[in-house]
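Trainee: Supplied in C-alpha cells, the structure appears directly below.
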Amino acid sequence: MKIAILSEDASLYSTKRLKETGEARSHDIKVINYLRCYINIASHKHSIISLHQPLENFDAIIPRIGALRTFYGTAVVRQFEMMGVFSVNQSQAISRSRDKLRCLQILARHGIGLPVTGFAHDTEDIDGLIETVGGAPLVIKLLEGTQGIGVVLAETYQAAKSVIKAFRGLNANILVQEYIKEAKGADIRCFVVGDKVVAAMKRQGAEGEFRSNLHRGGKAEGIKLTPEERSTEVRSANAMGLKVAGVDLLRSNHGLVIMEVNSSPGLEGIEKATGVDVADKIIEFIEKNAVTAKTTDRIKY
C-alpha cells in the first residue's frame, strides 16, 4: 500500500516509528509536510500539490496534525478524503476533538462520565461560575491550551476569582472544572485503535505538580485496566468518530471521568511505558480497513 504520514517534522518519534513500521510491513511510506502542500479546489478534479508534484495514488493517510495547525491541517485531510483516500482519523473527527468544549458536550450527550465543568467567556457572575463546579479548589483551563499549557489550579476562592478575571482580561474562552483531588496528580492515558484499547499507562505528575503531562516532567508506567475503564475509553473515542485516539481518564470518587480525547496522541511515552508496539497496531488497522472503509462521517454533532 502507498501511505502518507501528514507531519510537520519527519524526525519526530511518532512519525519515525510509523514510517519504519510501515516499511517493515512492505508498504510505501511517504512523510508529507502538510503545511507545505497547497490544494486545487475544482469540481471536476480534486488535487493536492507538494513540491510542485501532485500527491496521487495514495491508499491511506495518517494525519499527525499539530494542535496549532488544526484549521489548515484538517483542510488537507478533507481534500484527501474528497479524493477517496482512507484517513485513519477523518477531518471532522479531528476538528471535534480539538474543540475542548464541543468534545465535552459530545461526551456528555453520550452519557460518558466527566468532571463537573462550567464554561464562560465574559460573565459578570464569577461567583456563580465557581459555585457551578462546587467551589475551590478548582481547575481553570484556556480552551485553546495544549500539553498542560494554560491550565491553572486555583486552590482558594479568591485565587479562582483572580485567575478568571485575568483570563477575562485576555478575552479568552475558559473552562472551569472541579479538581479531582483523590487522583493525586495521576491520570490514565489509553491508546485506542479501532474498537480496542491497545495500550494503557498511568501518568504521575512531578512532585508538587497536579498536571500529569509527560511534557511537564511526569512519569509513566504500564497499567492494567478494568473492563469498565476499557469500555469507557472505547466509547469516548467512538463518540468523537476517532479510530486512533489517546483518551485520558481519571479515577474519581464519583466514578470514571474523561478529561480529554486526543486525535494525534504521541507514541513515545506509551510505547516506552508499556512495551507495546503501538505503531504496528496502527499500520495493521490500515491494512484491514483502508480498502473497504468509506469516508462518510456519521456523527451528527
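All residue names refer to the C-alpha cells as shown: chains lettered A, B, ... in order, residues numbered from 1 in each chain, ligands numbered from 1 in order.
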I'd like the neighbourhood of Leu55 of chain A as a PyMOL selection string, where a residue qualifies if any of its atoms comes within 12 Å (using only C-alpha atoms), though same-chain residues fewer than 3 positions away should be ignored.

Mentor: chain A and resi 2-4+6+30-34+37-40+46-52+58-61+76+79-80+83+85

Trainee: Please, what distance in Å, to one decimal, runs between atom CA of Gln158 of chain A and atom CA of Glu131 of chain A?

Mentor: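 Separating atom CA of Gln158 of chain A from atom CA of Glu131 of chain A is a distance of 12.6 Å.
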
Trainee: To one decimal in Å, tell me the separation between atom CA of Arg189 of chain A and atom CA of Val247 of chain A.

Mentor: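 Interatomic distance, atom CA of Arg189 of chain A to atom CA of Val247 of chain A: 5.7 Å.
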
Trainee: My list of candidates is A:Ala108, A:Leu175, A:Val88, A:Leu18. Which is closest to Lys141 of chain A when distances are computed with only C-alpha atoms?

Mentor: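 Of all the options, A:Leu175 lies closest to Lys141 of chain A.
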
Trainee: With a distance cut-off of 12 Å and only C-alpha atoms, select the neighbouring residues of Cys190 of chain A, excluding the residue or stretch itself and same-chain residues fewer than 5 positions from it, and output the selection as a PyMOL selection string.

Mentor: chain A and resi 196-203+220-225+229-234+236-237+244-250+258-262+265-267+269-271+273-274+276+278

Trainee: Nearest to Gly118 of chain A: which of A:Ser263, A:Lys16, A:Glu155, A:Leu138 is it, counting only C-alpha atoms?

Mentor: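 Looking only at the distances to Gly118 of chain A, the closest residue turns out to be A:Leu138.
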
Trainee: Can you list, as a VMD selection string, every protein, DNA or RNA residue that comes within 9 Å of Ile180 of chain A when you count only C-alpha atoms, leaving out same-chain residues fewer than 4 positions away?

Mentor: chain A and resid 115 138 184 to 185 250 to 253

Trainee: Grab the residues selected above and save them as a PDB file, in the first residue's frame with C-alpha atoms.

Mentor:
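Saved result, result23.pdb, follows:
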ATOM      1  CA  PRO A 115     -15.607  16.222  35.707  1.00  0.00           C
ATOM      2  CA  LEU A 138     -10.864  24.110  41.049  1.00  0.00           C
ATOM      3  CA  LYS A 184      -3.271  12.769  43.412  1.00  0.00           C
ATOM      4  CA  GLY A 185      -1.797  14.200  40.230  1.00  0.00           C
ATOM      5  CA  LEU A 250      -9.270   9.960  35.977  1.00  0.00           C
ATOM      6  CA  ARG A 251     -10.495   7.721  38.776  1.00  0.00           C
ATOM      7  CA  SER A 252     -12.667   9.989  40.925  1.00  0.00           C
ATOM      8  CA  ASN A 253     -14.835   9.430  43.982  1.00  0.00           C
TER       9      ASN A 253
END

Trainee: Please provide the set of residues having any atom within 9 Å of Arg235 of chain A, restricted to only C-alpha atoms, with same-chain residues fewer than 4 positions apart removed, written as a PyMOL selection string.

Mentor: chain A and resi 107+110+112+195+230-231+239-240

Trainee: Would you list the contacts of segment 125-127 of chain A as number ranges by chain, taking every protein, DNA or RNA residue within 12 Å and counting only C-alpha atoms, but skipping same-chain residues closer than 3 positions in sequence?

Mentor: A: 118-122, 130-136, 157-168, 174, 176

Trainee: Keeping N, CA, C and O atoms for every residue in the selection just given, could you write it to a file as an mmCIF file, in the first residue's frame?

Mentor:
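The resulting file, again-v3.cif, is shown below:
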data_model
loop_
_atom_site.group_PDB
_atom_site.id
_atom_site.type_symbol
_atom_site.label_atom_id
_atom_site.label_comp_id
_atom_site.auth_asym_id
_atom_site.auth_seq_id
_atom_site.Cartn_x
_atom_site.Cartn_y
_atom_site.Cartn_z
ATOM 1 N N GLY A 118 -17.820 24.015 34.003
ATOM 2 C CA GLY A 118 -18.516 25.225 33.595
ATOM 3 C C GLY A 118 -17.748 25.886 32.468
ATOM 4 O O GLY A 118 -16.531 25.716 32.343
ATOM 5 N N PHE A 119 -18.447 26.648 31.656
ATOM 6 C CA PHE A 119 -17.822 27.321 30.507
ATOM 7 C C PHE A 119 -18.261 28.784 30.505
ATOM 8 O O PHE A 119 -19.433 29.091 30.754
ATOM 9 N N ALA A 120 -17.329 29.656 30.232
ATOM 10 C CA ALA A 120 -17.672 31.079 30.219
ATOM 11 C C ALA A 120 -16.694 31.852 29.349
ATOM 12 O O ALA A 120 -15.594 31.389 29.054
ATOM 13 N N HIS A 121 -17.134 33.052 28.963
ATOM 14 C CA HIS A 121 -16.263 33.953 28.209
ATOM 15 C C HIS A 121 -16.141 35.297 28.938
ATOM 16 O O HIS A 121 -15.069 35.676 29.382
ATOM 17 N N ASP A 122 -17.271 35.987 29.100
ATOM 18 C CA ASP A 122 -17.216 37.335 29.671
ATOM 19 C C ASP A 122 -18.287 37.512 30.751
ATOM 20 O O ASP A 122 -18.895 38.567 30.872
ATOM 21 N N ILE A 130 -18.037 29.794 39.715
ATOM 22 C CA ILE A 130 -17.234 28.993 40.649
ATOM 23 C C ILE A 130 -18.114 28.001 41.409
ATOM 24 O O ILE A 130 -17.764 26.833 41.580
ATOM 25 N N GLU A 131 -19.277 28.458 41.836
ATOM 26 C CA GLU A 131 -20.178 27.575 42.569
ATOM 27 C C GLU A 131 -20.716 26.448 41.688
ATOM 28 O O GLU A 131 -21.041 25.362 42.178
ATOM 29 N N THR A 132 -20.799 26.682 40.381
ATOM 30 C CA THR A 132 -21.284 25.661 39.455
ATOM 31 C C THR A 132 -20.481 24.376 39.559
ATOM 32 O O THR A 132 -21.016 23.269 39.417
ATOM 33 N N VAL A 133 -19.178 24.497 39.804
ATOM 34 C CA VAL A 133 -18.317 23.312 39.865
ATOM 35 C C VAL A 133 -17.968 22.918 41.304
ATOM 36 O O VAL A 133 -17.047 22.136 41.537
ATOM 37 N N GLY A 134 -18.699 23.500 42.274
ATOM 38 C CA GLY A 134 -18.513 23.090 43.658
ATOM 39 C C GLY A 134 -17.536 23.919 44.453
ATOM 40 O O GLY A 134 -17.136 23.528 45.553
ATOM 41 N N GLY A 135 -17.124 25.069 43.922
ATOM 42 C CA GLY A 135 -16.220 25.944 44.651
ATOM 43 C C GLY A 135 -14.761 25.522 44.541
ATOM 44 O O GLY A 135 -14.403 24.580 43.833
ATOM 45 N N ALA A 136 -13.915 26.234 45.266
ATOM 46 C CA ALA A 136 -12.469 25.955 45.252
ATOM 47 C C ALA A 136 -12.162 24.774 46.181
ATOM 48 O O ALA A 136 -12.910 24.515 47.133
ATOM 49 N N TYR A 157 -10.829 30.295 46.903
ATOM 50 C CA TYR A 157 -11.896 31.026 46.211
ATOM 51 C C TYR A 157 -11.366 32.324 45.604
ATOM 52 O O TYR A 157 -11.653 32.646 44.443
ATOM 53 N N GLN A 158 -10.569 33.047 46.378
ATOM 54 C CA GLN A 158 -10.052 34.322 45.886
ATOM 55 C C GLN A 158 -9.087 34.121 44.724
ATOM 56 O O GLN A 158 -9.080 34.893 43.757
ATOM 57 N N ALA A 159 -8.252 33.069 44.813
ATOM 58 C CA ALA A 159 -7.337 32.780 43.703
ATOM 59 C C ALA A 159 -8.115 32.461 42.438
ATOM 60 O O ALA A 159 -7.754 32.899 41.335
ATOM 61 N N ALA A 160 -9.206 31.700 42.583
ATOM 62 C CA ALA A 160 -10.035 31.356 41.423
ATOM 63 C C ALA A 160 -10.607 32.614 40.781
ATOM 64 O O ALA A 160 -10.583 32.771 39.549
ATOM 65 N N LYS A 161 -11.129 33.541 41.603
ATOM 66 C CA LYS A 161 -11.694 34.781 41.065
ATOM 67 C C LYS A 161 -10.626 35.594 40.341
ATOM 68 O O LYS A 161 -10.865 36.151 39.263
ATOM 69 N N SER A 162 -9.426 35.638 40.913
ATOM 70 C CA SER A 162 -8.344 36.425 40.309
ATOM 71 C C SER A 162 -7.930 35.863 38.958
ATOM 72 O O SER A 162 -7.723 36.610 37.989
ATOM 73 N N VAL A 163 -7.797 34.522 38.870
ATOM 74 C CA VAL A 163 -7.382 33.900 37.612
ATOM 75 C C VAL A 163 -8.457 34.077 36.548
ATOM 76 O O VAL A 163 -8.160 34.383 35.383
ATOM 77 N N ILE A 164 -9.711 33.885 36.930
ATOM 78 C CA ILE A 164 -10.803 34.050 35.965
ATOM 79 C C ILE A 164 -10.837 35.486 35.450
ATOM 80 O O ILE A 164 -11.004 35.726 34.243
ATOM 81 N N LYS A 165 -10.674 36.450 36.334
ATOM 82 C CA LYS A 165 -10.650 37.848 35.905
ATOM 83 C C LYS A 165 -9.480 38.120 34.961
ATOM 84 O O LYS A 165 -9.608 38.863 33.986
ATOM 85 N N ALA A 166 -8.329 37.501 35.260
ATOM 86 C CA ALA A 166 -7.158 37.688 34.396
ATOM 87 C C ALA A 166 -7.413 37.133 33.005
ATOM 88 O O ALA A 166 -7.083 37.778 31.998
ATOM 89 N N PHE A 167 -7.989 35.923 32.927
ATOM 90 C CA PHE A 167 -8.294 35.337 31.630
ATOM 91 C C PHE A 167 -9.344 36.157 30.887
ATOM 92 O O PHE A 167 -9.297 36.291 29.665
ATOM 93 N N ARG A 168 -10.315 36.711 31.648
ATOM 94 C CA ARG A 168 -11.305 37.594 31.019
ATOM 95 C C ARG A 168 -10.620 38.800 30.393
ATOM 96 O O ARG A 168 -10.994 39.265 29.314
ATOM 97 N N ILE A 174 -12.780 30.144 28.566
ATOM 98 C CA ILE A 174 -12.219 29.294 29.613
ATOM 99 C C ILE A 174 -13.195 28.204 30.034
ATOM 100 O O ILE A 174 -14.411 28.361 29.960
ATOM 101 N N VAL A 176 -13.969 25.864 33.451
ATOM 102 C CA VAL A 176 -13.744 25.750 34.884
ATOM 103 C C VAL A 176 -14.218 24.365 35.305
ATOM 104 O O VAL A 176 -15.353 23.989 35.030
#

Trainee: As a CSV table (one decimal) with all heavy atoms, in the first residue's frame, please: the residues near Ile94 of chain A (cut-off 9 Å, only C-alpha atoms, same-chain neighbours under 5 positions excluded).

Mentor:
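part_6.csv written:
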chain,number,residue,atom,x,y,z
A,65,ILE,N,-1.6,16.0,12.9
A,65,ILE,CA,-1.8,17.4,12.8
A,65,ILE,C,-1.6,18.1,14.1
A,65,ILE,O,-2.2,17.7,15.2
A,65,ILE,CB,-3.3,17.7,12.4
A,65,ILE,CG1,-3.7,16.9,11.1
A,65,ILE,CG2,-3.5,19.2,12.2
A,65,ILE,CD1,-2.8,17.2,9.9
A,70,THR,N,-4.6,23.1,13.3
A,70,THR,CA,-5.8,22.3,13.0
A,70,THR,C,-6.6,22.8,11.8
A,70,THR,O,-7.0,22.0,11.0
A,70,THR,CB,-6.8,22.4,14.3
A,70,THR,OG1,-6.1,21.8,15.4
A,70,THR,CG2,-8.0,21.5,14.0
A,74,THR,N,-6.7,20.1,8.8
A,74,THR,CA,-7.9,19.4,8.5
A,74,THR,C,-8.4,19.7,7.1
A,74,THR,O,-9.0,18.9,6.5
A,74,THR,CB,-9.0,19.7,9.5
A,74,THR,OG1,-9.2,21.2,9.6
A,74,THR,CG2,-8.7,19.2,10.9
A,89,ASN,N,-7.9,9.0,10.8
A,89,ASN,CA,-8.9,9.9,11.5
A,89,ASN,C,-9.4,10.9,10.5
A,89,ASN,O,-8.6,11.5,9.8
A,89,ASN,CB,-8.3,10.6,12.7
A,89,ASN,CG,-8.1,9.7,13.9
A,89,ASN,OD1,-8.9,8.8,14.1
A,89,ASN,ND2,-7.1,10.0,14.8
A,99,ASP,N,-11.7,20.9,19.7
A,99,ASP,CA,-12.6,21.9,20.3
A,99,ASP,C,-12.9,21.3,21.7
A,99,ASP,O,-13.8,20.5,21.8
A,99,ASP,CB,-13.8,22.2,19.5
A,99,ASP,CG,-14.7,23.2,20.1
A,99,ASP,OD1,-14.7,23.4,21.3
A,99,ASP,OD2,-15.5,23.9,19.3
A,240,MET,N,-16.5,10.5,19.4
A,240,MET,CA,-15.8,11.5,18.7
A,240,MET,C,-15.7,11.2,17.2
A,240,MET,O,-15.3,12.0,16.4
A,240,MET,CB,-14.5,11.9,19.3
A,240,MET,CG,-14.5,12.3,20.7
A,240,MET,SD,-15.6,13.7,21.1
A,240,MET,CE,-14.8,14.9,20.1
A,241,GLY,N,-15.9,9.9,16.9
A,241,GLY,CA,-15.7,9.5,15.5
A,241,GLY,C,-14.2,9.2,15.2
A,241,GLY,O,-13.8,9.1,14.0
A,242,LEU,N,-13.4,9.0,16.2
A,242,LEU,CA,-11.9,8.8,16.0
A,242,LEU,C,-11.6,7.3,16.1
A,242,LEU,O,-12.2,6.5,16.9
A,242,LEU,CB,-11.1,9.4,17.2
A,242,LEU,CG,-11.2,11.0,17.2
A,242,LEU,CD1,-10.6,11.5,18.5
A,242,LEU,CD2,-10.4,11.5,16.0
A,262,ASN,N,-7.7,12.8,22.4
A,262,ASN,CA,-6.7,13.4,21.6
A,262,ASN,C,-6.6,12.6,20.3
A,262,ASN,O,-6.4,11.4,20.2
A,262,ASN,CB,-5.3,13.3,22.4
A,262,ASN,CG,-4.2,14.0,21.7
A,262,ASN,OD1,-4.1,14.2,20.5
A,262,ASN,ND2,-3.3,14.6,22.5
A,263,SER,N,-6.7,13.4,19.2
A,263,SER,CA,-6.7,12.8,17.8
A,263,SER,C,-5.3,12.6,17.3
A,263,SER,O,-5.2,11.9,16.3
A,263,SER,CB,-7.5,13.7,16.9
A,263,SER,OG,-6.9,15.0,16.8
A,264,SER,N,-4.3,13.1,17.9
A,264,SER,CA,-2.9,12.9,17.4
A,264,SER,C,-2.0,12.5,18.6
A,264,SER,O,-1.0,13.3,18.9
A,264,SER,CB,-2.3,14.1,16.7
A,264,SER,OG,-3.0,14.3,15.5
